[in-house]
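Take a look at the structure below.
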Amino acid sequence: MTFSEAETKMRFLFALRSNGVVNQRVLSAMESVDRSEFVQGIFSDRAHEDLPLPIDCGQTISQPSIVGLMTQALQVEARDRVLEIGTGSGYQAAILSKLARRVYSVERHRRLVKVARELYHKLDITNVTVFLGDGSLGLSEQAPFDRIIVTAAAEDPPSPLLSQLKVGGTMVIPVGRSNLYQDLIRVRKTEDGMEYDELRTVRFVPLLEGIGGNG
């Protein structure tokens with residue numbers, strides 16, 4: 001590793017810690033996954049900045065500190081089976097692959113599914129499976145899940161996702177009616193129902209039903 005690469009990595013980790021990402025397992029996972037693999041074209045030289053960046057199909061790759069905070073809030077354990085709604089660039093699931101036993105990711109855009117699968121093959125990430133589908137419906141054939149993470153904003157946590165979460169499981173999801181800002185919440189499923197915690201304000205693309213028509 002050159003001096004400039006080491007400096008870039010130090011700045012990257014400093015930005016994560018400065019924004020509240022303090023869990024060592026999460027920091028180690030994020031250090032081991034090079035975000036530049038998931039950012040193409042003219043934005044690739046900004047991959048290590050704490051910024052959201054555009055990707056194909058009108059979507060974005062979330063800023064690293066938000067990825068870290070959501071991952072930290074999910075409290076993934078080594079034997080967990082995790083469902084991700086919204087594969088996008090594939091970066092979030094790659095982080096989760098370092099923390100969980102299996103990751104299942106649902107994406108509504110065919111092009112993003114194809115790119116993510118190719119990237120995981122290139123990076124030898126073998127415990128992530130990407131499905132083309134309507135994320136609002138979850139993935140009933142693989143349910144129940146220990147953890148569910150949603151990387152698009154819904155007005156309320158979709159009932160199919162809540163039903164696919166194990167008792168004792170956790171879901172992290174942005175919710176709100178505004179297209180500008182939403183509340184990131186954590187849902188814990190107990191024997192008696194759901195418990196909700198508000199974590200922070202975030203900004204995500206909306207969770208849409210159906211399969212995308214633009215790739």
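Going by the structure tokens order, chains are called A, B, ..., each with residues numbered from 1, while ligands are numbered from 1 in the order shown.
Secondary structure of range 155-189 of chain A, alpha helix (DSSP H) only (DSSP, backbone atoms): Ser159, Pro160, Leu161, Leu162 and Ser163 of chain A.
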Keeping only N, CA, C and O atoms, write the selected residues to a file as an mmCIF file, in the first residue's frame.
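What ended up in part-v1.cif:
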```
data_model
loop_
_atom_site.group_PDB
_atom_site.id
_atom_site.type_symbol
_atom_site.label_atom_id
_atom_site.label_comp_id
_atom_site.auth_asym_id
_atom_site.auth_seq_id
_atom_site.Cartn_x
_atom_site.Cartn_y
_atom_site.Cartn_z
ATOM 1 N N SER A 159 -45.773 -4.537 5.356
ATOM 2 C CA SER A 159 -46.209 -5.680 6.170
ATOM 3 C C SER A 159 -45.583 -7.001 5.721
ATOM 4 O O SER A 159 -45.299 -7.855 6.579
ATOM 5 N N PRO A 160 -45.350 -7.241 4.393
ATOM 6 C CA PRO A 160 -44.680 -8.497 4.033
ATOM 7 C C PRO A 160 -43.287 -8.619 4.653
ATOM 8 O O PRO A 160 -42.869 -9.719 5.024
ATOM 9 N N LEU A 161 -42.579 -7.503 4.774
ATOM 10 C CA LEU A 161 -41.245 -7.550 5.368
ATOM 11 C C LEU A 161 -41.328 -7.824 6.864
ATOM 12 O O LEU A 161 -40.549 -8.619 7.400
ATOM 13 N N LEU A 162 -42.257 -7.197 7.536
ATOM 14 C CA LEU A 162 -42.435 -7.452 8.969
ATOM 15 C C LEU A 162 -42.782 -8.913 9.221
ATOM 16 O O LEU A 162 -42.293 -9.519 10.180
ATOM 17 N N SER A 163 -43.591 -9.496 8.334
ATOM 18 C CA SER A 163 -43.999 -10.889 8.525
ATOM 19 C C SER A 163 -42.841 -11.855 8.263
ATOM 20 O O SER A 163 -42.843 -12.980 8.770
#
```
For this session: Can you pull out every residue within 6 Å of range 115-119 of chain A, counting only C-alpha atoms, but drop anything in the same chain fewer than 3 positions away, and send it as a PyMOL selection string?
Result: chain A and resi 90+112+122
For this session: Might you pull out every residue within 6 Å of range 74-79 of chain A, with only C-alpha atoms counted and same-chain residues fewer than 2 positions away left off, and present them as a VMD selection string?
Result: chain A and resid 71 to 72 99 to 101
For this session: Would you mind reading off the distance between CA of Arg147 in chain A and CA of Arg102 in chain A, one decimal, in Å?
Result: 10.5 Å
For this session: For range 169-177 of chain A, please output as a list in words all residues within 6 Å (counting only C-alpha atoms; exclusion window: fewer than 6 positions along the same chain).
Result: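 Here the qualifying residues turn out to be Asp146, Arg147, Ile148, Ile149, Val150, Ala153, Ala154, Glu155, Asp156, Asp183, Leu184, Ile185, Arg186, Val187, Arg188 and Lys189 of chain A.
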Take the residues from that selection and put them in a file with C-alpha atoms, as a PDB file, in the first residue's frame.
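The result, stored in part.pdb:
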```pdb
ATOM      1  CA  ASP A 146     -32.716 -12.615  11.353  1.00  0.00           C
ATOM      2  CA  ARG A 147     -32.130  -9.148   9.950  1.00  0.00           C
ATOM      3  CA  ILE A 148     -33.743  -7.026   7.219  1.00  0.00           C
ATOM      4  CA  ILE A 149     -32.279  -3.798   5.834  1.00  0.00           C
ATOM      5  CA  VAL A 150     -34.155  -1.565   3.403  1.00  0.00           C
ATOM      6  CA  ALA A 153     -37.800   4.886   1.764  1.00  0.00           C
ATOM      7  CA  ALA A 154     -41.326   3.620   2.456  1.00  0.00           C
ATOM      8  CA  GLU A 155     -44.284   5.465   3.983  1.00  0.00           C
ATOM      9  CA  ASP A 156     -44.477   2.672   6.564  1.00  0.00           C
ATOM     10  CA  ASP A 183     -36.639   9.054   9.501  1.00  0.00           C
ATOM     11  CA  LEU A 184     -34.335   6.075   9.783  1.00  0.00           C
ATOM     12  CA  ILE A 185     -35.967   3.657  12.196  1.00  0.00           C
ATOM     13  CA  ARG A 186     -35.074   0.333  13.777  1.00  0.00           C
ATOM     14  CA  VAL A 187     -37.829  -2.223  14.266  1.00  0.00           C
ATOM     15  CA  ARG A 188     -37.426  -5.083  16.728  1.00  0.00           C
ATOM     16  CA  LYS A 189     -39.875  -7.982  16.520  1.00  0.00           C
TER      17      LYS A 189
END
```
Problem set entry | Contact residues around Glu107 in chain A with only C-alpha atoms at 8 Å, ignoring same-chain residues under 6 positions, as an MDAnalysis selection string | chainID A and resid 85:88 113 130:135
For this session: Would you please work out which residue, of A:Ala143, A:Ile61, A:Leu27, A:Ile55, is nearest to Val82 in chain A when using only C-alpha atoms?
Result: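 Of A:Ala143, A:Ile61, A:Leu27, A:Ile55, the one nearest Val82 in chain A, counting only C-alpha atoms, is A:Ala143.
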Exercise. How many Å separate CA of Phe38 in chain A from CA of Arg111 in chain A?
Worked result: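 Separation between CA of Phe38 in chain A and CA of Arg111 in chain A: 13.7 Å.
Using only C-alpha atoms, the nearest neighbour of Asn19 in chain A within the list A:Phe43, A:Thr2, A:Arg200, A:Val106 is A:Arg200.
Between Ser97 in chain A and the residues A:Lys114, A:Arg81, A:Arg46, A:His121, the shortest atom-to-atom distance, using only C-alpha atoms, involves A:Arg81.
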